[in-house]
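Structure, as structure tokens:
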Amino acid sequence: MIISEIYESKLDEKIYKIAHPSGLDIFVLPKKDYMKKYAYFITKYGALYNEFIDENGENVKLPLGIAHFLEHKIFEDKEKDMFSEFARLGASVNAYTNFASTVYYFSTVNKFNDSLKLLVDFVLTPHITDENVEKEKGIIVQEIKMYDDDPNWRVYFNGLSAMYENHPIKEDIAGTEETVNNSYVDDLMKAYNTFYSPNNMALFIIGDIDFETMKDYVQEIIPKTYLNKKEYGKIVIKDEKEKVNKDSVEMTMNVPTPMFNFFIKGEKAELNGYHFKKSMINRIALDYLFGKSSEFYNTYYEKGLINDSFGHEYSYGLGYSYFNFGGESSDADYMSKKVVETIEKYNKEGIDELSFARIKKKIMGRHISSFNSIQYIANSFINYYIKGVNLLDFLDIVESINVDDINDSLKLDLIGKTTLSKIK
């Protein structure tokens, strides 16, 4: 067991890292005088990873939505209701699945150790049977239908499905009604035994906690059978062409104002520090061009072509990246053209030093002030960890960005790489 410390002098924050010989990473961030404590148990297994090479070297392809289905079933217990058990301890528990991970977490003021043991126990001892899997299918199908009725969700995922041909980013996180109904115990246990292993998981703890006491307690409550588990699958991501699969997709729903998402397909990214820094560079450029104080936003807001629902993002993960602009608009085609024109103009003119410094300071300032919230710290730590970055490296990464990085950021080849998704 190797213990190291990660210190950020600007924030005066320290994270202890326990690198267990099994491969499990345990992180503890003491925050003195805070009432609440949080624990997050995370596996780097999300909705993208349906196809993999298993420990026997065999190619395995599981039904879409298995990671999300498994999240539901981990809460199952033969004798107890897990939500009630946490409530009995005064703790609030929940979980979520995204493209790259599944996270189980709780918060509490009292009985933190008991709650932590309960979290570890239920994640590491699944109770999955034919009967409770069949019962869960109807619940998940209803959840899928609920999202299908959400125009914001549909206009977004319709765009992803049109933009990508092979990459699993094009699929809904929960799968489809068909894939859910064709999911079985063997599928769920294959995913669990492959990806819920120490070298693919991490435990993050934050609050008014004594590290020396906690490191001994964590060692005590994690079963040796789990720590000896070595299985881990090698992810298979199908090759994706550079250009979009479809340049437009349209859907009719009962919405008061038409909606759109305009996508630009980016490069095939990896989960590492290089691409995280690139995402921060793009974030600064997008804020300058399309943020609430930008010329673009104020011009078209005043003309009534966008409203305060308009937003922008740069998103990336294993094997994909894309830019997205969207919101409510009576003329999505026109606004998409204006996005392209704005980027093309930017590539000729760039960003001025004053605007660059202002946005950079704003991002760093918000990050620093957000450290007053341990929930923000916990959620951010998990998000960055999945992307291969430690939370306390954030300020140094942003600090290292210069104006030349920003001016080079949006030199994009847009020919054949845009998709417009509309709902009317």
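Chain identifiers are assigned as A, B, and so on, following the order in which chains appear in the structure tokens; residues are numbered from 1 within each chain, and ligands are numbered from 1 in order of appearance.
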Can you list, as a PyMOL selection string, all residues belonging to range 96-190 of chain A that DSSP tags as strand (DSSP E or B)? chain A and resi 96-97+102-108
Go ahead and write the residues just picked, N, CA and C atoms, as an mmCIF file, in the first residue's frame.
```cif
data_model
loop_
_atom_site.group_PDB
_atom_site.id
_atom_site.type_symbol
_atom_site.label_atom_id
_atom_site.label_comp_id
_atom_site.auth_asym_id
_atom_site.auth_seq_id
_atom_site.Cartn_x
_atom_site.Cartn_y
_atom_site.Cartn_z
ATOM 1 N N TYR A 96 -25.644 7.202 -10.388
ATOM 2 C CA TYR A 96 -25.900 7.611 -11.768
ATOM 3 C C TYR A 96 -24.933 6.896 -12.705
ATOM 4 N N THR A 97 -25.382 6.779 -13.945
ATOM 5 C CA THR A 97 -24.554 6.209 -15.017
ATOM 6 C C THR A 97 -24.457 7.234 -16.123
ATOM 7 N N THR A 102 -19.968 4.671 -13.824
ATOM 8 C CA THR A 102 -21.119 4.498 -12.941
ATOM 9 C C THR A 102 -20.662 4.872 -11.541
ATOM 10 N N VAL A 103 -21.455 5.676 -10.853
ATOM 11 C CA VAL A 103 -21.048 6.227 -9.563
ATOM 12 C C VAL A 103 -22.138 5.985 -8.529
ATOM 13 N N TYR A 104 -21.724 5.463 -7.364
ATOM 14 C CA TYR A 104 -22.614 5.255 -6.227
ATOM 15 C C TYR A 104 -22.116 6.161 -5.101
ATOM 16 N N TYR A 105 -23.014 6.918 -4.458
ATOM 17 C CA TYR A 105 -22.534 7.883 -3.478
ATOM 18 C C TYR A 105 -23.575 8.134 -2.399
ATOM 19 N N PHE A 106 -23.103 8.643 -1.280
ATOM 20 C CA PHE A 106 -24.015 9.049 -0.210
ATOM 21 C C PHE A 106 -23.446 10.288 0.477
ATOM 22 N N SER A 107 -24.315 10.984 1.185
ATOM 23 C CA SER A 107 -23.908 12.096 2.044
ATOM 24 C C SER A 107 -24.571 11.915 3.392
ATOM 25 N N THR A 108 -23.892 12.382 4.429
ATOM 26 C CA THR A 108 -24.446 12.237 5.775
ATOM 27 C C THR A 108 -23.762 13.209 6.722
#
```
Write down as a VMD selection string the residues belonging to range 15-163 of chain A that are assigned alpha helix (DSSP H) by DSSP computed on the backbone. chain A and resid 66 to 74 82 to 88 112 to 124 130 to 148 151 to 163
Which one is closest to Ser400 in chain A: A:Leu64, A:Leu414, A:Val236, A:Met364? Count only C-alpha atoms. A:Met364
Pull the closest atom pair for each residue of range 28-48 of chain A that gets at most 12 Å from range 88-92 of chain A, along with the distance in Å to one decimal, counting only C-alpha atoms, ordering rows by chain and then ascending residue number, as a tab-separated table.
```
residue	atom	partner	partner_atom	distance
A:Lys36	CA	A:Ala91	CA	9.9
A:Lys37	CA	A:Ala91	CA	9.6
A:Tyr38	CA	A:Ala91	CA	9.6
A:Ala39	CA	A:Ala91	CA	10.8
```
Convert the current residue selection to file output with C-alpha atoms, as an mmCIF file, in the first residue's frame.
```
data_model
loop_
_atom_site.group_PDB
_atom_site.id
_atom_site.type_symbol
_atom_site.label_atom_id
_atom_site.label_comp_id
_atom_site.auth_asym_id
_atom_site.auth_seq_id
_atom_site.Cartn_x
_atom_site.Cartn_y
_atom_site.Cartn_z
ATOM 1 C CA LYS A 36 -21.560 16.927 5.815
ATOM 2 C CA LYS A 37 -19.397 14.067 4.641
ATOM 3 C CA TYR A 38 -19.537 12.374 1.233
ATOM 4 C CA ALA A 39 -18.280 9.085 -0.187
#
```
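Proximity ranking of A:Asn261, A:Asn347, A:Ser293, A:Ser370 relative to Asp404 in chain A places A:Asn347 first, based on only C-alpha atoms.
Taking CA of Val180 in chain A as the reference point, CA of Ile139 in chain A is found at 10.2 Å.
Taking only C-alpha atoms into account, Val120 in chain A lies nearest to A:Glu220 out of the set A:Phe371, A:Lys135, A:Glu220, A:Ser336.
Distances to Tyr49 in chain A were evaluated for A:Asp308, A:Phe99, A:Ser294, A:Tyr184 using only C-alpha atoms, and the minimum falls at A:Phe99.
Ranking A:Ile281, A:Met259, A:Val340, A:Ile406 by their shortest atom-to-atom distance to Gly311 in chain A, with only C-alpha atoms included, puts A:Met259 first.
The smallest atom-to-atom distance between Thr179 in chain A and any of A:Asn50, A:Tyr297, A:Phe211, A:Asp287, using only C-alpha atoms, is found for A:Asn50.
A straight line drawn from CA of Lys44 in chain A to CA of Asn199 in chain A is 9.5 Å long.
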Which residues are close to Val60 in chain A, i.e. within 10 Å by only C-alpha atoms, leaving aside same-chain residues fewer than 6 positions away? Reply as a PyMOL selection string. chain A and resi 50-54+187+190-191+233+235-236
Selection from above, C-alpha atoms, as a PDB file, in the first residue's frame, can you write it?
```pdb
ATOM      1  CA  ASN A  50     -20.815  -2.458 -24.380  1.00  0.00           C
ATOM      2  CA  GLU A  51     -18.147  -4.224 -26.425  1.00  0.00           C
ATOM      3  CA  PHE A  52     -14.879  -5.466 -24.941  1.00  0.00           C
ATOM      4  CA  ILE A  53     -12.262  -8.202 -24.906  1.00  0.00           C
ATOM      5  CA  ASP A  54     -12.705 -10.245 -21.747  1.00  0.00           C
ATOM      6  CA  ASP A 187     -25.229 -10.145 -19.259  1.00  0.00           C
ATOM      7  CA  LYS A 190     -20.544 -10.508 -17.125  1.00  0.00           C
ATOM      8  CA  ALA A 191     -20.394  -6.712 -16.995  1.00  0.00           C
ATOM      9  CA  GLY A 233     -11.937  -6.042 -20.005  1.00  0.00           C
ATOM     10  CA  ILE A 235     -12.685  -1.697 -24.292  1.00  0.00           C
ATOM     11  CA  VAL A 236     -13.502  -1.993 -27.991  1.00  0.00           C
TER      12      VAL A 236
END
```
